[in-house]
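Visitor: Pasting model-v2.cif here (mmCIF, C-alpha atoms):
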data_model
#
loop_
_atom_site.label_atom_id
_atom_site.label_comp_id
_atom_site.auth_asym_id
_atom_site.auth_seq_id
_atom_site.Cartn_x
_atom_site.Cartn_y
_atom_site.Cartn_z
CA MET A 1 -19.22 -24.20 -0.88
CA LYS A 2 -21.20 -21.01 -1.56
CA ILE A 3 -21.55 -20.35 2.18
CA LYS A 4 -17.79 -20.80 2.68
CA PHE A 5 -16.98 -18.53 -0.26
CA PHE A 6 -19.18 -15.69 0.97
CA SER A 7 -17.86 -16.00 4.52
CA ILE A 8 -14.30 -15.71 3.18
CA LEU A 9 -15.30 -12.76 0.99
CA SER A 10 -16.81 -11.08 4.07
CA SER A 11 -13.51 -11.57 5.92
CA PHE A 12 -11.62 -9.82 3.11
CA ILE A 13 -14.04 -6.87 3.24
CA ILE A 14 -13.73 -6.59 7.03
CA PHE A 15 -9.94 -6.72 6.76
CA LEU A 16 -10.00 -4.10 4.01
CA ASN A 17 -11.95 -1.70 6.23
CA ALA A 18 -9.75 -2.40 9.24
CA ALA A 19 -6.54 -1.91 7.25
CA TYR A 20 -7.06 1.85 7.06
CA ALA A 21 -7.16 2.22 10.85
CA GLN A 22 -4.31 -0.14 11.74
CA GLN A 23 -1.14 1.07 13.41
CA THR A 24 1.40 -1.62 12.53
CA SER A 25 4.70 0.18 13.21
CA THR A 26 6.19 1.75 16.33
CA SER A 27 9.70 2.40 14.98
CA PRO A 28 11.24 5.87 14.50
CA TYR A 29 13.12 4.38 11.54
CA SER A 30 9.76 4.07 9.79
CA SER A 31 10.05 7.80 9.07
CA PHE A 32 12.31 7.04 6.09
CA GLY A 33 11.09 6.28 2.59
CA LEU A 34 7.62 4.74 2.39
CA GLY A 35 7.88 3.47 5.96
CA GLU A 36 8.72 0.15 7.59
CA SER A 37 8.19 -2.78 5.24
CA LYS A 38 5.47 -5.22 6.32
CA THR A 39 5.46 -7.55 3.32
CA ASN A 40 7.11 -10.45 5.18
CA SER A 41 3.88 -11.25 7.06
CA ASP A 42 3.27 -14.91 6.19
CA ILE A 43 3.61 -16.73 9.52
CA VAL A 44 5.14 -19.92 8.09
CA ILE A 45 7.79 -18.05 6.12
CA SER A 46 8.54 -15.44 8.81
CA SER A 47 9.03 -18.23 11.41
CA MET A 48 11.88 -19.52 9.24
CA GLY A 49 13.72 -16.18 9.16
CA GLY A 50 11.80 -15.00 6.11
CA LEU A 51 12.87 -17.96 3.97
CA GLY A 52 10.33 -17.51 1.17
CA THR A 53 12.17 -17.55 -2.16
CA SER A 54 13.29 -21.18 -1.88
CA TYR A 55 10.32 -22.43 0.17
CA ILE A 56 8.50 -25.01 -1.96
CA SER A 57 6.31 -26.64 0.65
CA ASP A 58 6.22 -30.43 1.00
CA PHE A 59 2.67 -30.13 2.25
CA THR A 60 -0.59 -29.79 0.36
CA ASN A 61 -2.11 -26.95 2.40
CA GLU A 62 0.44 -24.10 2.19
CA ALA A 63 0.51 -21.24 -0.32
CA ASN A 64 3.60 -19.11 -0.96
CA PHE A 65 2.97 -15.48 -1.98
CA VAL A 66 6.64 -14.44 -1.63
CA ASN A 67 7.63 -16.58 -4.62
CA PRO A 68 4.45 -17.10 -6.66
CA ALA A 69 6.09 -19.94 -8.58
CA ALA A 70 6.67 -22.04 -5.44
CA ASN A 71 3.17 -23.50 -5.13
CA ARG A 72 3.60 -26.83 -6.87
CA ASN A 73 2.24 -28.98 -4.04
CA LEU A 74 -0.84 -26.91 -3.15
CA ARG A 75 -3.77 -29.34 -3.53
CA TYR A 76 -6.21 -28.01 -0.94
CA THR A 77 -8.04 -24.71 -0.87
CA SER A 78 -6.09 -22.80 1.76
CA TYR A 79 -7.61 -19.94 3.76
CA ASN A 80 -5.09 -18.20 6.02
CA ILE A 81 -5.38 -15.43 8.60
CA VAL A 82 -2.54 -14.03 10.76
CA ILE A 83 -2.54 -11.66 13.75
CA ASN A 84 0.68 -10.02 14.99
CA THR A 85 1.55 -8.40 18.31
CA ASP A 86 4.79 -6.39 18.28
CA TYR A 87 6.62 -5.15 21.38
CA THR A 88 9.48 -2.65 21.00
CA ASN A 89 11.90 -1.17 23.52
CA ALA A 90 13.65 1.92 22.13
CA LYS A 91 16.75 3.33 23.81
CA THR A 92 18.97 6.35 23.33
CA SER A 93 22.01 7.17 25.42
CA ASN A 94 19.77 8.44 28.24
CA VAL A 95 16.12 7.62 27.47
CA SER A 96 14.17 4.36 27.19
CA SER A 97 10.56 3.77 26.11
CA ASP A 98 8.30 0.79 25.40
CA ARG A 99 5.61 0.54 22.74
CA SER A 100 3.37 -2.21 21.40
CA THR A 101 0.78 -2.77 18.70
CA THR A 102 -1.54 -5.58 17.61
CA TYR A 103 -2.86 -5.84 14.08
CA LEU A 104 -4.19 -8.09 11.33
CA ALA A 105 -1.11 -9.01 9.35
CA ASN A 106 -2.25 -11.31 6.57
CA LEU A 107 -5.36 -12.68 4.93
CA SER A 108 -5.10 -15.01 1.95
CA LEU A 109 -7.00 -17.52 -0.13
CA ALA A 110 -5.33 -19.93 -2.59
CA PHE A 111 -6.42 -23.06 -4.43
CA PRO A 112 -5.46 -25.35 -7.34
CA ILE A 113 -7.17 -25.28 -10.72
CA GLY A 114 -6.56 -28.56 -12.44
CA THR A 115 -3.25 -30.32 -12.01
CA LYS A 116 -0.87 -27.56 -13.13
CA SER A 117 -2.32 -24.18 -12.16
CA ARG A 118 -2.53 -22.50 -8.75
CA VAL A 119 -4.19 -19.16 -8.03
CA GLY A 120 -4.63 -17.02 -4.95
CA VAL A 121 -5.38 -13.60 -3.51
CA ASN A 122 -3.67 -11.94 -0.58
CA LEU A 123 -4.37 -8.85 1.53
CA GLN A 124 -1.76 -7.43 3.89
CA PRO A 125 -0.01 -4.26 5.09
CA TYR A 126 2.68 -3.09 2.66
CA THR A 127 4.44 -0.41 4.71
CA ASN A 128 3.61 1.60 7.83
CA ILE A 129 4.91 4.59 9.75
CA GLY A 130 4.31 5.19 13.44
CA TYR A 131 6.58 7.32 15.60
CA ASP A 132 6.63 10.17 18.15
CA ILE A 133 10.02 11.76 18.81
CA ASN A 134 10.79 14.75 21.04
CA THR A 135 14.21 16.42 20.92
CA ASP A 136 15.68 19.21 23.03
CA ASN A 137 18.63 21.00 21.46
CA SER A 138 19.57 23.14 24.48
CA ASP A 139 23.31 23.06 23.76
CA VAL A 140 23.00 25.75 21.08
CA VAL A 141 19.65 27.41 21.78
CA ASN A 142 16.70 26.30 23.86
CA GLN A 143 15.01 24.64 20.90
CA LYS A 144 12.49 21.85 21.07
CA SER A 145 11.27 19.73 18.18
CA LEU A 146 8.45 17.23 17.84
CA PHE A 147 8.34 14.63 15.06
CA LYS A 148 5.22 12.57 14.50
CA GLY A 149 4.26 10.10 11.78
CA ARG A 150 1.13 8.08 11.06
CA GLY A 151 -0.30 6.09 8.17
CA GLY A 152 0.62 3.25 5.89
CA LEU A 153 0.16 1.47 2.61
CA ASN A 154 -1.81 -1.74 2.06
CA ALA A 155 -1.52 -4.31 -0.71
CA PHE A 156 -4.12 -6.53 -2.37
CA SER A 157 -2.40 -9.08 -4.61
CA GLY A 158 -3.32 -11.81 -7.04
CA MET A 159 -0.99 -14.76 -7.64
CA TYR A 160 -0.77 -17.32 -10.45
CA SER A 161 1.55 -20.34 -10.57
CA TYR A 162 1.97 -22.87 -13.38
CA ASN A 163 3.88 -26.16 -13.33
CA ILE A 164 5.51 -26.37 -16.75
CA SER A 165 7.18 -29.71 -16.00
CA ASN A 166 7.75 -32.17 -13.18
CA GLU A 167 10.54 -29.95 -11.88
CA PHE A 168 10.04 -26.36 -13.08
CA SER A 169 7.32 -23.86 -12.19
CA LEU A 170 6.72 -20.25 -13.20
CA GLY A 171 4.64 -17.67 -11.38
CA ALA A 172 3.57 -14.04 -11.30
CA LYS A 173 2.02 -11.75 -8.70
CA ILE A 174 0.30 -8.44 -9.36
CA GLY A 175 -0.63 -6.26 -6.42
CA TYR A 176 -2.43 -2.96 -6.02
CA VAL A 177 -0.91 -0.81 -3.28
CA TRP A 178 -2.74 2.16 -1.78
CA GLY A 179 -2.82 4.40 1.28
CA ASP A 180 -1.41 7.63 2.69
CA LEU A 181 1.57 8.68 4.81
CA LYS A 182 1.37 11.66 7.19
CA LYS A 183 4.38 13.31 8.79
CA ASP A 184 4.39 16.33 11.14
CA GLN A 185 7.33 18.34 12.44
CA GLU A 186 7.11 21.19 14.97
CA THR A 187 9.95 23.42 16.14
CA SER A 188 9.71 25.99 18.95
CA LEU A 189 12.08 28.25 20.89
CA GLN A 190 11.88 29.18 24.54
CA ASN A 191 9.85 32.39 25.19
CA ALA A 192 8.78 32.50 21.54
CA ASN A 193 5.07 32.70 20.78
CA LEU A 194 5.13 31.16 17.35
CA ILE A 195 5.82 27.58 16.32
CA SER A 196 7.14 26.64 12.91
CA GLY A 197 5.68 23.44 11.55
CA ILE A 198 5.83 21.19 8.52
CA PHE A 199 2.91 19.00 7.50
CA ASN A 200 3.59 16.44 4.76
CA LYS A 201 0.88 14.10 3.46
CA GLN A 202 1.44 11.75 0.53
CA GLU A 203 -1.25 9.57 -1.03
CA TYR A 204 -0.37 6.58 -3.19
CA GLY A 205 -2.13 4.18 -5.51
CA PHE A 206 -0.01 1.99 -7.77
CA PHE A 207 0.54 -1.54 -9.07
CA ASP A 208 3.37 -3.81 -7.92
CA TYR A 209 4.73 -6.66 -10.08
CA THR A 210 6.68 -9.78 -9.05
CA LEU A 211 7.90 -12.63 -11.28
CA GLY A 212 9.08 -15.98 -9.93
CA VAL A 213 10.65 -19.27 -10.94
CA ALA A 214 11.01 -22.45 -8.87
CA TYR A 215 12.86 -25.73 -9.34
CA ARG A 216 12.29 -28.90 -7.30
CA LYS A 217 14.37 -32.03 -7.88
CA LYS A 218 13.71 -35.31 -6.09
CA LEU A 219 16.95 -37.15 -5.31
CA THR A 220 17.66 -40.58 -3.82
CA ASN A 221 16.21 -41.61 -0.44
CA ASN A 222 13.39 -39.02 -0.77
CA HIS A 223 15.83 -36.13 -0.49
CA LEU A 224 14.87 -32.88 -2.22
CA LEU A 225 16.77 -30.00 -3.78
CA LYS A 226 14.81 -26.76 -4.17
CA ILE A 227 15.87 -23.53 -5.89
CA GLY A 228 13.85 -20.35 -6.29
CA ALA A 229 14.28 -16.84 -7.65
CA THR A 230 12.09 -13.72 -7.84
CA TYR A 231 12.27 -10.33 -9.51
CA ASN A 232 10.23 -7.33 -8.41
CA ILE A 233 9.95 -4.72 -11.16
CA GLY A 234 10.90 -1.15 -10.25
CA HIS A 235 9.04 1.72 -11.90
CA THR A 236 7.93 5.34 -11.60
CA ILE A 237 4.62 6.03 -9.85
CA ASP A 238 2.48 9.06 -9.02
CA ALA A 239 2.12 10.49 -5.52
CA ASP A 240 -0.44 13.10 -4.51
CA VAL A 241 1.48 15.50 -2.27
CA ASN A 242 0.13 18.01 0.23
CA TYR A 243 3.07 19.88 1.81
CA LEU A 244 2.62 22.86 4.15
CA TYR A 245 5.32 24.87 5.92
CA SER A 246 3.78 27.47 8.20
CA THR A 247 3.89 29.31 11.53
CA TYR A 248 1.15 29.10 14.14
CA TYR A 249 0.41 28.95 17.86
CA TYR A 250 -1.92 27.04 20.17
CA ASN A 251 -4.70 28.88 22.01
CA ASN A 252 -6.01 28.08 25.49
CA ASN A 253 -8.13 25.26 24.08
CA ASN A 254 -5.02 23.67 22.52
CA GLU A 255 -6.33 24.54 19.06
CA LYS A 256 -3.91 25.44 16.31
CA VAL A 257 -4.22 29.06 15.12
CA SER A 258 -2.53 29.72 11.79
CA MET A 259 -0.41 32.83 11.35
CA ASP A 260 1.58 32.63 8.13
CA THR A 261 2.14 30.19 5.28
CA LEU A 262 5.80 30.04 4.28
CA ASN A 263 5.54 27.34 1.62
CA TYR A 264 2.66 25.31 0.23
CA VAL A 265 2.87 22.51 -2.34
CA LYS A 266 -0.10 20.54 -3.63
CA GLY A 267 -0.21 18.35 -6.69
CA THR A 268 0.90 15.10 -8.27
CA HIS A 269 4.60 14.30 -8.22
CA ASP A 270 6.71 11.42 -9.49
CA ALA A 271 8.13 8.85 -7.10
CA LYS A 272 10.58 6.12 -8.10
CA LEU A 273 10.39 2.61 -6.68
CA PRO A 274 13.52 0.44 -6.90
CA SER A 275 13.66 -3.04 -8.35
CA SER A 276 14.67 -6.01 -6.23
CA TYR A 277 15.58 -9.62 -6.75
CA SER A 278 16.04 -12.67 -4.55
CA ILE A 279 17.53 -16.13 -4.91
CA GLY A 280 17.36 -19.09 -2.56
CA VAL A 281 18.26 -22.75 -2.24
CA ALA A 282 17.04 -25.45 0.16
CA TYR A 283 17.85 -29.10 0.78
CA GLY A 284 16.06 -31.68 2.88
CA LYS A 285 14.14 -34.91 3.16
CA GLU A 286 10.52 -35.00 2.00
CA HIS A 287 7.98 -34.63 4.84
CA LYS A 288 10.85 -34.78 7.36
CA TRP A 289 13.16 -31.76 7.40
CA SER A 290 14.51 -28.88 5.32
CA LEU A 291 17.27 -26.30 5.60
CA GLY A 292 17.73 -23.38 3.23
CA ALA A 293 19.16 -19.91 2.64
CA ASP A 294 17.78 -16.85 0.84
CA PHE A 295 19.42 -13.65 -0.36
CA LYS A 296 17.48 -10.53 -1.37
CA PHE A 297 18.90 -7.35 -2.89
CA THR A 298 17.00 -4.08 -3.36
CA ASP A 299 18.36 -1.33 -5.61
CA GLN A 300 17.28 1.21 -3.00
CA PHE A 301 19.79 3.78 -4.26
CA LYS A 302 17.15 4.59 -6.91
CA LEU A 303 14.36 5.22 -4.38
CA LYS A 304 13.01 8.76 -4.79
CA ILE A 305 10.21 10.18 -2.60
CA PRO A 306 8.65 13.65 -3.13
CA GLU A 307 9.74 16.25 -0.57
CA ASP A 308 12.39 13.82 0.74
CA ASN A 309 16.08 14.76 0.42
CA PHE A 310 17.49 11.65 2.11
CA ASP A 311 20.09 9.65 0.16
CA TYR A 312 19.31 5.94 0.31
CA LYS A 313 21.84 3.15 -0.07
CA ASN A 314 21.28 -0.28 -1.54
CA LYS A 315 19.56 -2.76 0.74
CA TYR A 316 20.16 -6.47 1.20
CA ARG A 317 18.90 -9.28 3.43
CA VAL A 318 20.28 -12.75 4.19
CA ALA A 319 18.15 -15.45 5.84
CA VAL A 320 18.83 -19.04 6.93
CA GLY A 321 16.09 -21.32 8.20
CA GLY A 322 14.01 -24.43 7.85
CA TRP A 323 11.66 -26.88 9.54
CA TYR A 324 11.53 -30.32 11.14
CA LEU A 325 8.65 -32.83 11.39
CA PRO A 326 9.26 -35.89 13.63
CA ASN A 327 6.71 -38.19 11.98
CA ILE A 328 4.00 -37.13 9.54
CA ASN A 329 2.17 -40.43 10.12
CA GLY A 330 2.72 -40.46 13.89
CA PHE A 331 -0.15 -41.75 16.03
CA ARG A 332 1.51 -42.46 19.37
CA SER A 333 2.00 -38.83 20.33
CA TYR A 334 0.53 -35.52 19.13
CA PHE A 335 4.00 -33.95 19.34
CA GLU A 336 5.20 -36.24 16.54
CA LYS A 337 2.93 -34.43 14.10
CA ILE A 338 3.95 -30.87 15.06
CA ILE A 339 6.07 -28.94 12.53
CA TYR A 340 8.98 -27.16 14.25
CA ARG A 341 10.29 -24.08 12.40
CA TYR A 342 13.46 -22.06 12.98
CA GLY A 343 15.49 -19.30 11.35
CA LEU A 344 17.71 -16.25 11.61
CA TYR A 345 18.39 -13.25 9.40
CA TYR A 346 20.54 -10.16 8.90
CA GLU A 347 19.44 -7.05 7.02
CA ASN A 348 21.34 -3.97 5.95
CA THR A 349 18.46 -1.49 5.66
CA GLY A 350 20.28 0.88 3.32
CA LEU A 351 19.80 3.72 5.81
CA ASN A 352 22.87 5.71 6.80
CA VAL A 353 21.98 8.16 9.60
CA ASN A 354 24.59 10.37 11.29
CA ASN A 355 27.31 8.40 9.45
CA LYS A 356 26.05 5.16 10.97
CA THR A 357 24.57 2.24 9.01
CA ILE A 358 21.24 1.01 10.39
CA ASP A 359 21.35 -2.78 10.60
CA GLN A 360 18.66 -5.22 11.69
CA TYR A 361 18.97 -8.85 12.69
CA GLY A 362 16.89 -11.43 14.50
CA VAL A 363 16.12 -15.04 15.32
CA THR A 364 12.77 -16.70 14.69
CA ALA A 365 10.91 -19.86 15.67
CA GLY A 366 7.48 -21.34 15.17
CA LEU A 367 5.15 -24.29 15.55
CA GLY A 368 2.62 -25.81 13.16
CA LEU A 369 -0.07 -27.48 15.29
CA PRO A 370 -2.46 -29.78 13.38
CA LEU A 371 -6.13 -29.13 14.06
CA GLY A 372 -7.71 -31.91 11.99
CA LYS A 373 -8.32 -35.45 13.20
CA SER A 374 -7.65 -37.14 9.86
CA GLY A 375 -3.98 -36.35 9.34
CA LYS A 376 -3.14 -35.47 5.74
CA HIS A 377 -6.84 -35.64 4.80
CA ASP A 378 -7.67 -32.72 7.10
CA PRO A 379 -4.52 -30.52 7.13
CA SER A 380 -5.98 -27.45 8.87
CA MET A 381 -3.41 -25.97 11.23
CA LEU A 382 -2.82 -23.49 14.03
CA ASN A 383 0.51 -21.70 13.47
CA LEU A 384 2.47 -19.92 16.19
CA GLY A 385 5.53 -17.77 15.58
CA ILE A 386 7.97 -15.58 17.49
CA GLU A 387 10.71 -13.18 16.40
CA LEU A 388 13.37 -11.55 18.59
CA GLY A 389 15.57 -8.91 17.05
CA GLN A 390 17.45 -5.66 17.17
CA ARG A 391 17.55 -2.59 14.95
CA GLY A 392 19.83 0.43 15.07
CA SER A 393 22.37 1.57 17.64
CA LYS A 394 22.73 4.05 20.53
CA SER A 395 25.97 5.47 19.12
CA ASN A 396 26.13 8.74 17.16
CA GLY A 397 22.96 10.00 18.84
CA LEU A 398 20.77 7.27 17.32
CA ILE A 399 18.12 4.92 18.67
CA LYS A 400 18.57 1.24 19.45
CA GLU A 401 15.46 -0.92 19.25
CA ASN A 402 15.01 -4.36 20.77
CA PHE A 403 11.81 -6.03 19.64
CA ILE A 404 9.83 -9.21 20.15
CA ASN A 405 6.97 -10.08 17.82
CA PHE A 406 4.34 -12.73 18.46
CA LYS A 407 2.34 -14.19 15.58
CA VAL A 408 -0.80 -16.35 15.60
CA GLY A 409 -2.25 -17.79 12.41
CA PHE A 410 -5.01 -20.15 11.36
CA ASN A 411 -4.83 -22.10 8.12
CA PHE A 412 -8.17 -23.69 7.26
CA ASP A 413 -8.28 -26.09 4.34
CA ASP A 414 -10.87 -27.76 2.16
CA LEU A 415 -11.28 -29.38 -1.24
CA TRP A 416 -12.75 -27.07 -3.89
CA PHE A 417 -13.21 -27.52 -7.63
CA ARG A 418 -13.10 -31.32 -7.38
CA LYS A 419 -15.67 -33.58 -8.99
CA ARG A 420 -17.64 -35.73 -6.61
CA GLN A 421 -17.09 -39.42 -6.91
CA TYR A 422 -20.32 -40.37 -5.14
CA ASP A 423 -23.67 -38.67 -4.59
#
Before we go any further, please render this structure as structure tokens.
Guide:
Amino acid sequence: MKIKFFSILSSFIIFLNAAYAQQTSTSPYSSFGLGESKTNSDIVISSMGGLGTSYISDFTNEANFVNPAANRNLRYTSYNIVINTDYTNAKTSNVSSDRSTTYLANLSLAFPIGTKSRVGVNLQPYTNIGYDINTDNSDVVNQKSLFKGRGGLNAFSGMYSYNISNEFSLGAKIGYVWGDLKKDQETSLQNANLISGIFNKQEYGFFDYTLGVAYRKKLTNNHLLKIGATYNIGHTIDADVNYLYSTYYYNNNNEKVSMDTLNYVKGTHDAKLPSSYSIGVAYGKEHKWSLGADFKFTDQFKLKIPEDNFDYKNKYRVAVGGWYLPNINGFRSYFEKIIYRYGLYYENTGLNVNNKTIDQYGVTAGLGLPLGKSGKHDPSMLNLGIELGQRGSKSNGLIKENFINFKVGFNFDDLWFRKRQYD
């Protein structure tokens, strides 16, 4: 077990180093707030439309970090790694462009301690920004602008779940979020030598807190009712800000030559993170099928970012999804033992740009392919997921994005912290 533990620890360290260099977003809408959210990265949950609040797994090898209380059935040590590839086609009224990115999306380790407690750690992207936008405002003056954003925040979280009865569970998750966000803006006029530019870098390091509760009731004929709820605590955090507004030009070697500093801000400023809550319910037959719905609300109206004058609206997300397993004990065909996942979602992002609300919606699907030869006694699994969706609109001078995301994950399982019965 020592060899396995150190190999897993090495994976976390490698992921931690790689997280700084990852470009996980290609959306111009990631320029708002702290960037595009990447917290819905668990492949099982994202393949069901993001149905995480009410997802109390019927299986012994799956950990839920969305609702830390929903880990009642985890009986194996679960080691999970997920890789995403995102393709995006962005369109305006007269321009179209394609972008893609591949990145490590999730790395987690979870295991039971005794009969009632479950613990785990998780490492994943938290938010990311990644965009390059060129505009030409020749209707008024021959003005060109360039907008560029890079960077992101990462989260390392610890989860604890406790079964207080045969039906109720409580849980908590504490995460440390860190990283930096860099945004550049350049504006130039035709026949003008100087360029005016804004450089904005913000560095963050703060804790994130989530509380959860889960209820699982076994009904007649092995039917199950599951209910979950979470609350993410909003609070004020510190941001190290480096803001520079200046004029400059580029020499023959394309090097920036500074001319004049118009405004310079450096120091620690307050930022306000909003609270959020979610509630979900699911119904199904044990080890056979499940269908559920989740609702999440974020009090994004209270989001405040230094050097950001944008007015945010409240954000909400609705998801419906589930899974189907033909026969958990099937031996005639491999396809009987595959878990088929499905889902859809709608999200009001809380962004109102040019008097137009930015909505996002999508459909998802996935497969859970068993890797072990011993059925429930070796529940390691290869997970595949796909998401097709749309964000934004071409009206009012905005950008419409069509995206398709592919996800590949491996869930390796073993028995830890169990006493041997035989030597």
Visitor: At a cut-off of 12 Å, using all atoms listed in the file, what residues contact A:Asn94? Leave out same-chain residues fewer than 4 positions from it and give the result as a CSV table (one decimal) with C-alpha atoms, keeping the file's coordinate frame.
Guide:
chain,number,residue,atom,x,y,z
A,90,ALA,CA,13.6,1.9,22.1
A,394,LYS,CA,22.7,4.0,20.5
A,395,SER,CA,26.0,5.5,19.1
A,397,GLY,CA,23.0,10.0,18.8
A,398,LEU,CA,20.8,7.3,17.3
A,399,ILE,CA,18.1,4.9,18.7
A,400,LYS,CA,18.6,1.2,19.4
Visitor: Report as a list of chain:residue names all protein, DNA and RNA residues lying within 9 Å of A:Arg317, evaluated on all atoms listed in the file, omitting residues in the same chain fewer than 4 positions from it.
Guide: A:Asp294, A:Phe295, A:Lys296, A:Phe297, A:Thr298, A:Tyr345, A:Tyr346, A:Glu347, A:Asn348, A:Thr349
Visitor: Given the file shown, determine the residues that the PyMOL selection byres ((chain A and resi 70) around 8) selects; report them as a ChimeraX atom specification.
Guide: /A:53-57,64,67-69,71-72,161,169-171,212-214,228
Visitor: Under the rule that all atoms listed in the file are counted, which of A:Val82, A:Leu153, A:Ile328, A:Val257 is the nearest residue to A:Leu34?
Guide: A:Leu153
Visitor: For the file shown, what are the residues hit by the PyMOL selection byres ((chain A and resi 325) around 7), laid out as number ranges by chain?
Guide: A: 287-289, 323-324, 326-328, 337-340
Visitor: Write out as a PyMOL selection string which residues come within 10 Å of stretch 116-122 of chain A when counting all atoms listed in the file, dropping same-chain ones fewer than 5 positions away.
Guide: chain A and resi 12+63-65+68-75+77-81+106-111+155-166+169-175
Visitor: Interatomic distance between atom CA of A:Thr357 and atom CA of A:Pro28?
Guide: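 It comes out at 14.9 Å.
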Visitor: Got a sec: who's within 12 Å of stretch 195-199 of chain A, counting only C-alpha atoms, leaving out chain neighbours fewer than 5 positions off, as a VMD selection string?
Guide: chain A and resid 143 to 150 181 to 190 241 to 250 256 to 266 307
Visitor: One decimal, Å: what's the distance from atom CA of A:Asn154 over to atom CA of A:Asp299, could you say?
Guide: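 Here the two named atoms are 21.6 Å from each other.
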Visitor: Please, what distance in Å, to one decimal, runs between atom CA of A:Val353 and atom CA of A:Asn232?
Guide: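 Interatomic distance here is 26.5 Å.
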Visitor: Which residues come within 9 Å of A:Ala239, counting only C-alpha atoms, excluding same-chain residues fewer than 2 positions away, as an MDAnalysis selection string?
Guide: chainID A and resid 202:205 237 241 267:271 305:306
Visitor: Could you state which residues are captured by the PyMOL selection byres ((chain A and resi 50) around 8) in this file, as a tab-separated table (two decimals) with C-alpha atoms, keeping the file's coordinate frame?
Guide:
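Result file follows (selection01.tsv):
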chain	number	residue	atom	x	y	z
A	40	ASN	CA	7.11	-10.45	5.18
A	45	ILE	CA	7.79	-18.05	6.12
A	46	SER	CA	8.54	-15.44	8.81
A	47	SER	CA	9.03	-18.23	11.41
A	48	MET	CA	11.88	-19.52	9.24
A	49	GLY	CA	13.72	-16.18	9.16
A	51	LEU	CA	12.87	-17.96	3.97
A	52	GLY	CA	10.33	-17.51	1.17
A	319	ALA	CA	18.15	-15.45	5.84
A	321	GLY	CA	16.09	-21.32	8.20
A	343	GLY	CA	15.49	-19.30	11.35
A	345	TYR	CA	18.39	-13.25	9.40
